[in-house]
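Participant: Take a look at the following structure, please.
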Amino acid sequence: MSLNQLNFQGLRNLVPLEMRPSPGINIISGPNGSGKTSLLEGIHVLGMGRSFRTRQLKNAIQADMPHMTLYGRLAGEPEVSIGVRRLRAQRELELRLRGDKEVRLAELVEAMPLQLINPDAFRLLEGSPAGRREFFDWGVFHVKHDFLDAWKRTRRAVKHRNALLRRGRMDPQEMTAWEQELALWGGIVDKLRLEWFTEFLPVFEETLEVLLPLPGLKLGYARGWDRQRDLSEVLEGSRLTDQQMGFTQQGPQRADLRIRLNKQPAVEVLSRGQQKLVVSALKLAQGRFLERTAQRHCIYLIDDLPAELDAQHQQRFCQLLEEMQCQAFITSVEPTALQRTWQPATAVSMFHVKHDDQGFGQLMQSG
Ligand SMILES: Nc1ncnc2c1ncn2[C@@H]1O[C@H](COP(=O)(O)OP(=O)(O)OP(=O)(O)O)[C@@H](O)[C@H]1O
Ligand SMILES: [Mg+2]
C-alpha cells in the first residue's frame with residue numbers, strides 16, 4: 001500500500017501542491033512554520049477523515065479559501081483514487097473512493113491504513129484510555145472483519161443505556177433489553193480484541209527488543225469489566241451506582257491497554273525518549289502485524305523524528321522501518337539529519353518546503 005501521487009489545495013499555508021512520493025522513504029525538510037506537519041496532516045485527513053492537530057477541520061482550511069481539497073492515488077492494479085473535500089461553509093466531509101461518492105469513512109480507512117508517530121506520541125502512554133482504545137481498535141478493525149459492526153452495535157447499546165440511566169424513572173424492561181444487547185455485542189468486541197491482543201503481543205515484544213530492550217516492560221489488555229463475571233450480570237448489578245454516576249461504568253467501552261515496567265505504570269518511570277520509543281515500538285508492531293496477518297502494508301507518517309531520540313535510537317528506528325518496506329513520510333527541520341541512515345537499496349526521495357515572505361509554503365522535490 002503506497003501513495004504514488006498527492007494533490008492538495010487549500011491546506012493550511014501550503015500553496016497548491018502535487019507530490020510524487022517514492023514507495024519507500026520520503027523525507028520532507030524545511031524551516032519551522034514552513035508546512036511540513038501540514039503535509040502529514042493532509043495525508044492523515046485523506047486516510048482517516050480527520051486531523052491529528054485539530055478537532056475542527058475548518059481550522060486546517062487555508063485562510064481566505066472556501067475549501068480544502070485533498071486527492072491521493074494508491075499504487076496497485078488497478079490504482080485506487082481517494083479524495084476528501086471540506087468546504088468552509090459545510091460541516092460534512094465529501095469523500096470519494098475510486099470515483100464513487102457514496103462512500104463511508106470506514107472504507108477510506110480500510111483502503112489506506114495509516115500510522116502516525118509524532119512528538120505527541122508519548123501521550124499514548126500518559127493520556128486517557130480512549131487513545132489506547134483507538135490504537136488497538138485500529139489493529140482489530142484492520143484484521144477482524146466482524147469488528148466494525150459489533151463495535152457500532154456496542155456503542156449504540158451503551159448510548160441507549162446511558163440515556164435510560166439519566167432518565168428520572170427507569171423502565172426495567174427497556175433497561176434489560178439494552179443490557180442484553182450490550183452484553184451480546186460487547187462480548188463479541190471483547191473476544192475479537194483479545195484474539196488480536198494475543199497475536200499482537202509477541203510482535204510488539206520482538207519490536208521493542210530491537211528498538212529498546214526493556215525486559216521488565218509488560219503489556220496487558222484490560223477488557224473493561226471484571227474478568228470473572230459475565231457482562232450482563234455486571235450491568236444488572238451496577239444499575240444503581242451507574243444511575244448515580246449517570247453513565248455505564250463498566251463494559252468494553254472502558255477497555256484499556258496496561259503498560260507497566262516492573263509492575264509500575266510505565267509512564268511514571270520511563271524518560272520521555274524511552275516513552276517515545278515504547279510508543280514507536282507499539283506503532284511499528286501494528287504495521288508488522290498487519291503485514292503478517294493481512295499481507296498489507298501501512299503508510300507511516302513520522303513527524304519530527306529526531307526530536308527526543310539520540311542518533312543510535314534513530315538509526316534503529318529507521319532500520320526497522322526499512323525492513324518493513326513500508327512507505328514513510330518523515331519530516332525534519334534539517335535534511336541532513338536523516339541522510340546517512342538508509343541502505344543503498346531503499347528508495348529515498350527528498351522534498352523541501354520553501355517558506356516565502358508571506359508565510360506560504362511551497363513543496364519542492366530536492367532529490
Ligand atoms: N488555516 C491556515 N491558513 C493559513 N496558514 C495557516 C493555517 N493554519 C496554520 N497556518 C500556518 O501554517 C504554517 C505551517 O505550520 P506547520 O506546523 O505545518 O509547520 P512545520 O513546517 O511543521 O513547522 P515546525 O518545524 O515548527 O514543526 C504555520 O506558519 C501556521 O501559522
Ligand atoms: Mg511541524
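Convention: chains lettered A, B, ... in C-alpha cells order; per-chain residue numbering from 1; ligands numbered from 1 as shown.
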Would you name the residues within 12 Å of ligand 2, counting only C-alpha atoms and all ligand atoms, and put them as an mmCIF file with N, CA, C and O atoms, in the first residue's frame?

Facilitator:
data_model
loop_
_atom_site.group_PDB
_atom_site.id
_atom_site.type_symbol
_atom_site.label_atom_id
_atom_site.label_comp_id
_atom_site.auth_asym_id
_atom_site.auth_seq_id
_atom_site.Cartn_x
_atom_site.Cartn_y
_atom_site.Cartn_z
ATOM 1 N N ILE A 28 10.892 15.018 4.275
ATOM 2 C CA ILE A 28 10.400 16.361 3.998
ATOM 3 C C ILE A 28 11.071 17.311 4.977
ATOM 4 O O ILE A 28 10.846 17.224 6.182
ATOM 5 N N SER A 29 11.901 18.190 4.437
ATOM 6 C CA SER A 29 12.588 19.114 5.326
ATOM 7 C C SER A 29 12.091 20.535 5.068
ATOM 8 O O SER A 29 11.418 20.788 4.063
ATOM 9 N N GLY A 30 12.436 21.414 5.954
ATOM 10 C CA GLY A 30 12.028 22.816 5.791
ATOM 11 C C GLY A 30 12.062 23.502 7.141
ATOM 12 O O GLY A 30 12.000 22.842 8.184
ATOM 13 N N PRO A 31 12.169 24.833 7.114
ATOM 14 C CA PRO A 31 12.265 25.569 8.383
ATOM 15 C C PRO A 31 10.975 25.492 9.209
ATOM 16 O O PRO A 31 9.935 25.053 8.705
ATOM 17 N N ASN A 32 11.052 25.949 10.436
ATOM 18 C CA ASN A 32 9.875 25.990 11.305
ATOM 19 C C ASN A 32 8.780 26.792 10.631
ATOM 20 O O ASN A 32 9.038 27.842 10.044
ATOM 21 N N GLY A 33 7.569 26.278 10.720
ATOM 22 C CA GLY A 33 6.421 27.013 10.186
ATOM 23 C C GLY A 33 6.282 26.945 8.679
ATOM 24 O O GLY A 33 5.443 27.630 8.097
ATOM 25 N N SER A 34 7.101 26.119 8.005
ATOM 26 C CA SER A 34 7.027 26.097 6.531
ATOM 27 C C SER A 34 5.860 25.256 6.029
ATOM 28 O O SER A 34 5.375 25.457 4.920
ATOM 29 N N GLY A 35 5.425 24.264 6.797
ATOM 30 C CA GLY A 35 4.270 23.464 6.361
ATOM 31 C C GLY A 35 4.506 21.959 6.341
ATOM 32 O O GLY A 35 3.708 21.223 5.767
ATOM 33 N N LYS A 36 5.566 21.480 6.988
ATOM 34 C CA LYS A 36 5.894 20.033 6.978
ATOM 35 C C LYS A 36 4.811 19.219 7.673
ATOM 36 O O LYS A 36 4.304 18.232 7.146
ATOM 37 N N THR A 37 4.458 19.662 8.884
ATOM 38 C CA THR A 37 3.424 18.932 9.629
ATOM 39 C C THR A 37 2.087 19.018 8.889
ATOM 40 O O THR A 37 1.310 18.059 8.867
ATOM 41 N N SER A 38 1.860 20.176 8.236
ATOM 42 C CA SER A 38 0.608 20.340 7.485
ATOM 43 C C SER A 38 0.503 19.308 6.368
ATOM 44 O O SER A 38 -0.579 18.795 6.087
ATOM 45 N N LEU A 39 1.617 18.995 5.745
ATOM 46 C CA LEU A 39 1.613 17.994 4.669
ATOM 47 C C LEU A 39 1.197 16.617 5.241
ATOM 48 O O LEU A 39 0.360 15.920 4.676
ATOM 49 N N LEU A 40 1.781 16.261 6.373
ATOM 50 C CA LEU A 40 1.402 14.984 7.004
ATOM 51 C C LEU A 40 -0.070 15.019 7.426
ATOM 52 O O LEU A 40 -0.793 14.028 7.304
ATOM 53 N N GLU A 41 -0.483 16.187 7.909
ATOM 54 C CA GLU A 41 -1.874 16.345 8.321
ATOM 55 C C GLU A 41 -2.807 16.080 7.137
ATOM 56 O O GLU A 41 -3.828 15.412 7.270
ATOM 57 N N PHE A 52 -4.907 15.140 13.047
ATOM 58 C CA PHE A 52 -4.338 14.803 14.358
ATOM 59 C C PHE A 52 -4.015 16.073 15.136
ATOM 60 O O PHE A 52 -3.513 16.012 16.241
ATOM 61 N N ARG A 53 -4.305 17.240 14.523
ATOM 62 C CA ARG A 53 -3.962 18.504 15.179
ATOM 63 C C ARG A 53 -5.163 19.220 15.720
ATOM 64 O O ARG A 53 -5.028 20.031 16.621
ATOM 65 N N ASN A 118 4.412 11.064 16.173
ATOM 66 C CA ASN A 118 4.773 12.486 16.214
ATOM 67 C C ASN A 118 5.215 12.857 17.629
ATOM 68 O O ASN A 118 5.245 12.002 18.515
ATOM 69 N N PRO A 119 5.614 14.120 17.831
ATOM 70 C CA PRO A 119 6.121 14.467 19.164
ATOM 71 C C PRO A 119 5.091 14.277 20.293
ATOM 72 O O PRO A 119 5.453 14.219 21.456
ATOM 73 N N ASP A 120 3.825 14.170 19.958
ATOM 74 C CA ASP A 120 2.806 13.923 20.986
ATOM 75 C C ASP A 120 2.616 12.435 21.260
ATOM 76 O O ASP A 120 1.757 12.059 22.057
ATOM 77 N N LEU A 301 3.390 8.025 8.941
ATOM 78 C CA LEU A 301 3.597 9.469 8.968
ATOM 79 C C LEU A 301 4.434 9.752 10.207
ATOM 80 O O LEU A 301 3.988 9.464 11.329
ATOM 81 N N ILE A 302 5.621 10.250 10.006
ATOM 82 C CA ILE A 302 6.527 10.421 11.150
ATOM 83 C C ILE A 302 6.949 11.877 11.222
ATOM 84 O O ILE A 302 7.684 12.375 10.365
ATOM 85 N N ASP A 303 6.416 12.558 12.222
ATOM 86 C CA ASP A 303 6.647 13.995 12.315
ATOM 87 C C ASP A 303 7.780 14.269 13.287
ATOM 88 O O ASP A 303 7.719 13.871 14.451
ATOM 89 N N ASP A 304 8.805 14.917 12.780
ATOM 90 C CA ASP A 304 9.897 15.342 13.631
ATOM 91 C C ASP A 304 10.560 14.161 14.337
ATOM 92 O O ASP A 304 10.656 14.127 15.567
ATOM 93 N N LEU A 305 11.033 13.218 13.563
ATOM 94 C CA LEU A 305 11.660 12.020 14.144
ATOM 95 C C LEU A 305 12.820 12.337 15.092
ATOM 96 O O LEU A 305 12.921 11.755 16.169
ATOM 97 N N PRO A 306 13.715 13.271 14.702
ATOM 98 C CA PRO A 306 14.876 13.470 15.573
ATOM 99 C C PRO A 306 14.520 13.954 16.980
ATOM 100 O O PRO A 306 15.309 13.770 17.892
ATOM 101 N N ALA A 307 13.326 14.555 17.140
ATOM 102 C CA ALA A 307 13.002 15.105 18.465
ATOM 103 C C ALA A 307 13.059 14.006 19.521
ATOM 104 O O ALA A 307 12.390 12.987 19.387
ATOM 105 N N ILE A 330 8.598 11.309 6.379
ATOM 106 C CA ILE A 330 9.313 11.690 7.604
ATOM 107 C C ILE A 330 9.714 13.159 7.514
ATOM 108 O O ILE A 330 10.365 13.556 6.536
ATOM 109 N N THR A 331 9.327 13.941 8.503
ATOM 110 C CA THR A 331 9.718 15.355 8.461
ATOM 111 C C THR A 331 10.898 15.605 9.391
ATOM 112 O O THR A 331 11.108 14.888 10.375
ATOM 113 N N SER A 332 11.644 16.621 9.025
ATOM 114 C CA SER A 332 12.789 17.004 9.844
ATOM 115 C C SER A 332 13.170 18.425 9.443
ATOM 116 O O SER A 332 13.061 18.784 8.270
ATOM 117 N N VAL A 333 13.577 19.235 10.411
ATOM 118 C CA VAL A 333 13.958 20.608 10.067
ATOM 119 C C VAL A 333 15.178 20.578 9.139
ATOM 120 O O VAL A 333 15.217 21.236 8.106
ATOM 121 N N VAL A 353 10.316 22.055 1.855
ATOM 122 C CA VAL A 353 9.241 23.042 1.824
ATOM 123 C C VAL A 353 9.866 24.427 1.975
ATOM 124 O O VAL A 353 10.507 24.737 2.979
#

Participant: Determine, counting only C-alpha atoms, which protein, DNA and RNA residues have an atom within 12 Å of an atom of Leu3 (chain A); residues of the same chain fewer than 4 positions away are not included. Present the result as an MDAnalysis selection string.

Facilitator: chainID A and resid 7 19:26 43 46:47 71:76 79:82 111:114 297:300 326:329

Participant: Which neighbours of region 203-219 of chain A fall inside 9 Å, counting only C-alpha atoms, when residues of the same chain fewer than 5 positions from it are skipped, and could you give them as a PDB file with all heavy atoms, in the first residue's frame?

Facilitator:
ATOM      1  N   LEU A 257      -5.292  -0.593  27.489  1.00  0.00           N
ATOM      2  CA  LEU A 257      -4.019  -1.325  27.450  1.00  0.00           C
ATOM      3  C   LEU A 257      -3.264  -0.930  28.704  1.00  0.00           C
ATOM      4  O   LEU A 257      -3.169   0.263  29.013  1.00  0.00           O
ATOM      5  CB  LEU A 257      -3.175  -0.872  26.262  1.00  0.00           C
ATOM      6  CG  LEU A 257      -3.308  -1.511  24.897  1.00  0.00           C
ATOM      7  CD1 LEU A 257      -2.202  -0.980  23.997  1.00  0.00           C
ATOM      8  CD2 LEU A 257      -3.239  -3.026  24.955  1.00  0.00           C
ATOM      9  N   ARG A 258      -2.712  -1.903  29.405  1.00  0.00           N
ATOM     10  CA  ARG A 258      -1.901  -1.587  30.591  1.00  0.00           C
ATOM     11  C   ARG A 258      -0.441  -1.731  30.214  1.00  0.00           C
ATOM     12  O   ARG A 258      -0.038  -2.786  29.716  1.00  0.00           O
ATOM     13  CB  ARG A 258      -2.222  -2.573  31.718  1.00  0.00           C
ATOM     14  CG  ARG A 258      -3.648  -2.497  32.212  1.00  0.00           C
ATOM     15  CD  ARG A 258      -3.754  -1.515  33.400  1.00  0.00           C
ATOM     16  NE  ARG A 258      -5.091  -0.943  33.461  1.00  0.00           N
ATOM     17  CZ  ARG A 258      -6.159  -1.573  33.941  1.00  0.00           C
ATOM     18  NH1 ARG A 258      -6.053  -2.803  34.401  1.00  0.00           N
ATOM     19  NH2 ARG A 258      -7.338  -0.991  33.958  1.00  0.00           N
ATOM     20  N   ILE A 259       0.307  -0.676  30.441  1.00  0.00           N
ATOM     21  CA  ILE A 259       1.721  -0.725  30.083  1.00  0.00           C
ATOM     22  C   ILE A 259       2.521  -0.470  31.353  1.00  0.00           C
ATOM     23  O   ILE A 259       2.483   0.626  31.910  1.00  0.00           O
ATOM     24  CB  ILE A 259       2.040   0.318  28.989  1.00  0.00           C
ATOM     25  CG1 ILE A 259       1.051   0.124  27.816  1.00  0.00           C
ATOM     26  CG2 ILE A 259       3.471   0.175  28.489  1.00  0.00           C
ATOM     27  CD1 ILE A 259       0.905   1.308  26.912  1.00  0.00           C
ATOM     28  N   ARG A 260       3.196  -1.520  31.832  1.00  0.00           N
ATOM     29  CA  ARG A 260       3.870  -1.426  33.125  1.00  0.00           C
ATOM     30  C   ARG A 260       5.335  -1.798  32.994  1.00  0.00           C
ATOM     31  O   ARG A 260       5.691  -2.626  32.165  1.00  0.00           O
ATOM     32  CB  ARG A 260       3.200  -2.367  34.145  1.00  0.00           C
ATOM     33  CG  ARG A 260       1.750  -2.000  34.350  1.00  0.00           C
ATOM     34  CD  ARG A 260       1.113  -2.815  35.457  1.00  0.00           C
ATOM     35  NE  ARG A 260      -0.017  -2.068  35.950  1.00  0.00           N
ATOM     36  CZ  ARG A 260      -0.021  -1.354  37.080  1.00  0.00           C
ATOM     37  NH1 ARG A 260       1.031  -1.366  37.867  1.00  0.00           N
ATOM     38  NH2 ARG A 260      -1.079  -0.668  37.431  1.00  0.00           N
ATOM     39  N   LEU A 261       6.130  -1.151  33.837  1.00  0.00           N
ATOM     40  CA  LEU A 261       7.542  -1.504  33.895  1.00  0.00           C
ATOM     41  C   LEU A 261       7.817  -1.938  35.342  1.00  0.00           C
ATOM     42  O   LEU A 261       7.647  -1.140  36.268  1.00  0.00           O
ATOM     43  CB  LEU A 261       8.418  -0.310  33.516  1.00  0.00           C
ATOM     44  CG  LEU A 261       9.896  -0.636  33.440  1.00  0.00           C
ATOM     45  CD1 LEU A 261      10.223  -1.519  32.238  1.00  0.00           C
ATOM     46  CD2 LEU A 261      10.732   0.640  33.360  1.00  0.00           C
ATOM     47  N   ASN A 262       8.235  -3.166  35.493  1.00  0.00           N
ATOM     48  CA  ASN A 262       8.436  -3.746  36.826  1.00  0.00           C
ATOM     49  C   ASN A 262       7.262  -3.410  37.744  1.00  0.00           C
ATOM     50  O   ASN A 262       7.420  -2.893  38.837  1.00  0.00           O
ATOM     51  CB  ASN A 262       9.749  -3.256  37.436  1.00  0.00           C
ATOM     52  CG  ASN A 262      10.922  -3.633  36.553  1.00  0.00           C
ATOM     53  OD1 ASN A 262      10.931  -4.719  35.948  1.00  0.00           O
ATOM     54  ND2 ASN A 262      11.884  -2.748  36.425  1.00  0.00           N
ATOM     55  N   LYS A 263       6.083  -3.654  37.249  1.00  0.00           N
ATOM     56  CA  LYS A 263       4.813  -3.508  37.976  1.00  0.00           C
ATOM     57  C   LYS A 263       4.381  -2.075  38.259  1.00  0.00           C
ATOM     58  O   LYS A 263       3.371  -1.830  38.887  1.00  0.00           O
ATOM     59  CB  LYS A 263       4.830  -4.332  39.272  1.00  0.00           C
ATOM     60  CG  LYS A 263       5.125  -5.806  38.986  1.00  0.00           C
ATOM     61  CD  LYS A 263       4.580  -6.700  40.053  1.00  0.00           C
ATOM     62  CE  LYS A 263       4.633  -8.147  39.601  1.00  0.00           C
ATOM     63  NZ  LYS A 263       5.417  -9.013  40.439  1.00  0.00           N
ATOM     64  N   ALA A 266       4.265   2.406  33.350  1.00  0.00           N
ATOM     65  CA  ALA A 266       5.472   2.754  32.581  1.00  0.00           C
ATOM     66  C   ALA A 266       5.656   4.261  32.481  1.00  0.00           C
ATOM     67  O   ALA A 266       6.773   4.770  32.539  1.00  0.00           O
ATOM     68  CB  ALA A 266       5.388   2.131  31.197  1.00  0.00           C
ATOM     69  N   GLN A 274      12.434   7.388  26.163  1.00  0.00           N
ATOM     70  CA  GLN A 274      12.038   5.975  26.287  1.00  0.00           C
ATOM     71  C   GLN A 274      10.550   5.793  25.995  1.00  0.00           C
ATOM     72  O   GLN A 274      10.140   4.837  25.359  1.00  0.00           O
ATOM     73  CB  GLN A 274      12.364   5.453  27.689  1.00  0.00           C
ATOM     74  CG  GLN A 274      13.846   5.218  27.910  1.00  0.00           C
ATOM     75  CD  GLN A 274      14.140   4.834  29.355  1.00  0.00           C
ATOM     76  OE1 GLN A 274      13.539   5.360  30.296  1.00  0.00           O
ATOM     77  NE2 GLN A 274      15.083   3.928  29.541  1.00  0.00           N
ATOM     78  N   LEU A 277      10.011   5.808  22.418  1.00  0.00           N
ATOM     79  CA  LEU A 277      10.443   4.552  21.789  1.00  0.00           C
ATOM     80  C   LEU A 277       9.446   3.416  22.042  1.00  0.00           C
ATOM     81  O   LEU A 277       9.188   2.609  21.154  1.00  0.00           O
ATOM     82  CB  LEU A 277      11.840   4.167  22.299  1.00  0.00           C
ATOM     83  CG  LEU A 277      12.952   5.047  21.716  1.00  0.00           C
ATOM     84  CD1 LEU A 277      14.220   4.940  22.535  1.00  0.00           C
ATOM     85  CD2 LEU A 277      13.238   4.679  20.254  1.00  0.00           C
ATOM     86  N   VAL A 278       8.879   3.378  23.239  1.00  0.00           N
ATOM     87  CA  VAL A 278       7.873   2.342  23.522  1.00  0.00           C
ATOM     88  C   VAL A 278       6.665   2.546  22.601  1.00  0.00           C
ATOM     89  O   VAL A 278       6.150   1.599  21.998  1.00  0.00           O
ATOM     90  CB  VAL A 278       7.454   2.356  25.015  1.00  0.00           C
ATOM     91  CG1 VAL A 278       6.240   1.474  25.249  1.00  0.00           C
ATOM     92  CG2 VAL A 278       8.613   1.905  25.905  1.00  0.00           C
ATOM     93  N   SER A 280       6.707   4.108  19.756  1.00  0.00           N
ATOM     94  CA  SER A 280       7.135   3.786  18.389  1.00  0.00           C
ATOM     95  C   SER A 280       7.093   2.284  18.171  1.00  0.00           C
ATOM     96  O   SER A 280       6.675   1.811  17.116  1.00  0.00           O
ATOM     97  CB  SER A 280       8.557   4.292  18.134  1.00  0.00           C
ATOM     98  OG  SER A 280       8.591   5.683  18.293  1.00  0.00           O
ATOM     99  N   ALA A 281       7.537   1.519  19.183  1.00  0.00           N
ATOM    100  CA  ALA A 281       7.511   0.051  19.056  1.00  0.00           C
ATOM    101  C   ALA A 281       6.073  -0.434  18.897  1.00  0.00           C
ATOM    102  O   ALA A 281       5.792  -1.326  18.097  1.00  0.00           O
ATOM    103  CB  ALA A 281       8.174  -0.600  20.272  1.00  0.00           C
ATOM    104  N   LEU A 282       5.151   0.169  19.647  1.00  0.00           N
ATOM    105  CA  LEU A 282       3.741  -0.223  19.516  1.00  0.00           C
ATOM    106  C   LEU A 282       3.251   0.035  18.092  1.00  0.00           C
ATOM    107  O   LEU A 282       2.593  -0.796  17.475  1.00  0.00           O
ATOM    108  CB  LEU A 282       2.867   0.570  20.495  1.00  0.00           C
ATOM    109  CG  LEU A 282       2.889   0.124  21.959  1.00  0.00           C
ATOM    110  CD1 LEU A 282       2.300   1.203  22.864  1.00  0.00           C
ATOM    111  CD2 LEU A 282       2.100  -1.177  22.132  1.00  0.00           C
ATOM    112  N   LYS A 283       3.620   1.200  17.576  1.00  0.00           N
ATOM    113  CA  LYS A 283       3.095   1.585  16.259  1.00  0.00           C
ATOM    114  C   LYS A 283       3.788   0.838  15.124  1.00  0.00           C
ATOM    115  O   LYS A 283       3.150   0.501  14.131  1.00  0.00           O
ATOM    116  CB  LYS A 283       3.190   3.098  16.091  1.00  0.00           C
ATOM    117  CG  LYS A 283       2.325   3.791  17.144  1.00  0.00           C
ATOM    118  CD  LYS A 283       1.991   5.202  16.815  1.00  0.00           C
ATOM    119  CE  LYS A 283       0.921   5.706  17.774  1.00  0.00           C
ATOM    120  NZ  LYS A 283       0.365   6.985  17.380  1.00  0.00           N
ATOM    121  N   LEU A 284       5.074   0.584  15.277  1.00  0.00           N
ATOM    122  CA  LEU A 284       5.755  -0.220  14.245  1.00  0.00           C
ATOM    123  C   LEU A 284       5.232  -1.656  14.286  1.00  0.00           C
ATOM    124  O   LEU A 284       5.066  -2.298  13.250  1.00  0.00           O
ATOM    125  CB  LEU A 284       7.272  -0.198  14.449  1.00  0.00           C
ATOM    126  CG  LEU A 284       7.961   1.152  14.184  1.00  0.00           C
ATOM    127  CD1 LEU A 284       9.436   1.095  14.588  1.00  0.00           C
ATOM    128  CD2 LEU A 284       7.857   1.550  12.713  1.00  0.00           C
ATOM    129  N   ALA A 285       4.959  -2.135  15.498  1.00  0.00           N
ATOM    130  CA  ALA A 285       4.446  -3.507  15.624  1.00  0.00           C
ATOM    131  C   ALA A 285       3.069  -3.637  14.965  1.00  0.00           C
ATOM    132  O   ALA A 285       2.759  -4.667  14.364  1.00  0.00           O
ATOM    133  CB  ALA A 285       4.377  -3.916  17.095  1.00  0.00           C
ATOM    134  N   GLN A 286       2.267  -2.586  15.018  1.00  0.00           N
ATOM    135  CA  GLN A 286       0.959  -2.610  14.326  1.00  0.00           C
ATOM    136  C   GLN A 286       1.162  -2.877  12.846  1.00  0.00           C
ATOM    137  O   GLN A 286       0.467  -3.690  12.243  1.00  0.00           O
ATOM    138  CB  GLN A 286       0.245  -1.256  14.446  1.00  0.00           C
ATOM    139  CG  GLN A 286      -0.450  -0.997  15.732  1.00  0.00           C
ATOM    140  CD  GLN A 286      -1.881  -1.533  15.731  1.00  0.00           C
ATOM    141  OE1 GLN A 286      -2.183  -2.513  15.082  1.00  0.00           O
ATOM    142  NE2 GLN A 286      -2.737  -0.905  16.513  1.00  0.00           N
ATOM    143  N   ARG A 288       3.821  -4.213  11.352  1.00  0.00           N
ATOM    144  CA  ARG A 288       4.388  -5.547  11.110  1.00  0.00           C
ATOM    145  C   ARG A 288       3.310  -6.603  11.232  1.00  0.00           C
ATOM    146  O   ARG A 288       3.248  -7.552  10.465  1.00  0.00           O
ATOM    147  CB  ARG A 288       5.478  -5.855  12.144  1.00  0.00           C
ATOM    148  CG  ARG A 288       6.686  -4.977  11.986  1.00  0.00           C
ATOM    149  CD  ARG A 288       7.627  -5.198  13.131  1.00  0.00           C
ATOM    150  NE  ARG A 288       8.817  -5.922  12.698  1.00  0.00           N
ATOM    151  CZ  ARG A 288       9.746  -6.360  13.528  1.00  0.00           C
ATOM    152  NH1 ARG A 288       9.618  -6.202  14.818  1.00  0.00           N
ATOM    153  NH2 ARG A 288      10.794  -6.985  13.076  1.00  0.00           N
ATOM    154  N   PHE A 289       2.439  -6.425  12.224  1.00  0.00           N
ATOM    155  CA  PHE A 289       1.376  -7.397  12.451  1.00  0.00           C
ATOM    156  C   PHE A 289       0.388  -7.395  11.280  1.00  0.00           C
ATOM    157  O   PHE A 289      -0.032  -8.446  10.796  1.00  0.00           O
ATOM    158  CB  PHE A 289       0.672  -7.068  13.769  1.00  0.00           C
ATOM    159  CG  PHE A 289      -0.394  -8.064  14.120  1.00  0.00           C
ATOM    160  CD1 PHE A 289      -0.060  -9.379  14.401  1.00  0.00           C
ATOM    161  CD2 PHE A 289      -1.725  -7.702  14.149  1.00  0.00           C
ATOM    162  CE1 PHE A 289      -1.042 -10.316  14.702  1.00  0.00           C
ATOM    163  CE2 PHE A 289      -2.709  -8.624  14.450  1.00  0.00           C
ATOM    164  CZ  PHE A 289      -2.362  -9.938  14.736  1.00  0.00           C
ATOM    165  N   HIS A 313      19.290   5.471  18.580  1.00  0.00           N
ATOM    166  CA  HIS A 313      17.894   5.021  18.538  1.00  0.00           C
ATOM    167  C   HIS A 313      17.195   5.425  17.245  1.00  0.00           C
ATOM    168  O   HIS A 313      16.360   4.694  16.732  1.00  0.00           O
ATOM    169  CB  HIS A 313      17.138   5.502  19.783  1.00  0.00           C
ATOM    170  CG  HIS A 313      17.538   4.739  21.002  1.00  0.00           C
ATOM    171  ND1 HIS A 313      18.355   5.277  21.963  1.00  0.00           N
ATOM    172  CD2 HIS A 313      17.276   3.468  21.377  1.00  0.00           C
ATOM    173  CE1 HIS A 313      18.566   4.359  22.902  1.00  0.00           C
ATOM    174  NE2 HIS A 313      17.925   3.254  22.567  1.00  0.00           N
ATOM    175  N   ARG A 316      18.171   2.770  14.808  1.00  0.00           N
ATOM    176  CA  ARG A 316      17.422   1.511  14.976  1.00  0.00           C
ATOM    177  C   ARG A 316      15.994   1.643  14.476  1.00  0.00           C
ATOM    178  O   ARG A 316      15.453   0.740  13.861  1.00  0.00           O
ATOM    179  CB  ARG A 316      17.375   1.126  16.458  1.00  0.00           C
ATOM    180  CG  ARG A 316      18.697   0.628  16.962  1.00  0.00           C
ATOM    181  CD  ARG A 316      18.487   0.070  18.347  1.00  0.00           C
ATOM    182  NE  ARG A 316      19.755  -0.089  19.016  1.00  0.00           N
ATOM    183  CZ  ARG A 316      19.880  -0.303  20.311  1.00  0.00           C
ATOM    184  NH1 ARG A 316      18.793  -0.362  21.080  1.00  0.00           N
ATOM    185  NH2 ARG A 316      21.042  -0.459  20.859  1.00  0.00           N
ATOM    186  N   PHE A 317      15.410   2.789  14.760  1.00  0.00           N
ATOM    187  CA  PHE A 317      14.043   3.050  14.319  1.00  0.00           C
ATOM    188  C   PHE A 317      13.986   2.986  12.789  1.00  0.00           C
ATOM    189  O   PHE A 317      13.138   2.316  12.199  1.00  0.00           O
ATOM    190  CB  PHE A 317      13.608   4.438  14.804  1.00  0.00           C
ATOM    191  CG  PHE A 317      12.228   4.833  14.377  1.00  0.00           C
ATOM    192  CD1 PHE A 317      11.147   4.639  15.215  1.00  0.00           C
ATOM    193  CD2 PHE A 317      12.006   5.404  13.124  1.00  0.00           C
ATOM    194  CE1 PHE A 317       9.863   5.003  14.811  1.00  0.00           C
ATOM    195  CE2 PHE A 317      10.730   5.758  12.710  1.00  0.00           C
ATOM    196  CZ  PHE A 317       9.662   5.551  13.571  1.00  0.00           C
ATOM    197  N   LEU A 320      14.302  -0.576  11.374  1.00  0.00           N
ATOM    198  CA  LEU A 320      13.047  -1.334  11.477  1.00  0.00           C
ATOM    199  C   LEU A 320      12.074  -0.919  10.377  1.00  0.00           C
ATOM    200  O   LEU A 320      11.452  -1.748   9.733  1.00  0.00           O
ATOM    201  CB  LEU A 320      12.393  -1.093  12.840  1.00  0.00           C
ATOM    202  CG  LEU A 320      12.875  -1.967  13.977  1.00  0.00           C
ATOM    203  CD1 LEU A 320      12.332  -1.439  15.303  1.00  0.00           C
ATOM    204  CD2 LEU A 320      12.408  -3.407  13.796  1.00  0.00           C
TER     205      LEU A 320
END

Participant: Record the distance separating CA of Leu184 (chain A) and CA of Leu231 (chain A), expressed in Å with one decimal.

Facilitator: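 Interatomic distance, CA of Leu184 (chain A) to CA of Leu231 (chain A): 8.6 Å.
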
Participant: Residues of region 85-152 of chain A classed as strand (DSSP E) by DSSP on the backbone are to be reported as a list in words.

Facilitator: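 Filtering region 85-152 of chain A to strand (DSSP E) leaves Arg85, Arg86, Leu87, Leu93, Glu94, Leu95, Arg96, Leu97, Leu114, Gln115, Leu116 and Ile117 of chain A.
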
Participant: Given only C-alpha atoms and all ligand atoms as the basis, pick out the residue of A:Pro66, A:Gly83, A:Pro202, A:Pro129 nearest to ligand 1.

Facilitator: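 Smallest separation from ligand 1 among the options: A:Pro66.
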
Participant: So, with only C-alpha atoms as the atoms that count, which of A:Cys318, A:Val109, A:Ala177, A:Val158 lies closest to Gln250 (chain A)?

Facilitator: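 Of the candidates, the smallest distance to Gln250 (chain A) is held by A:Val158.
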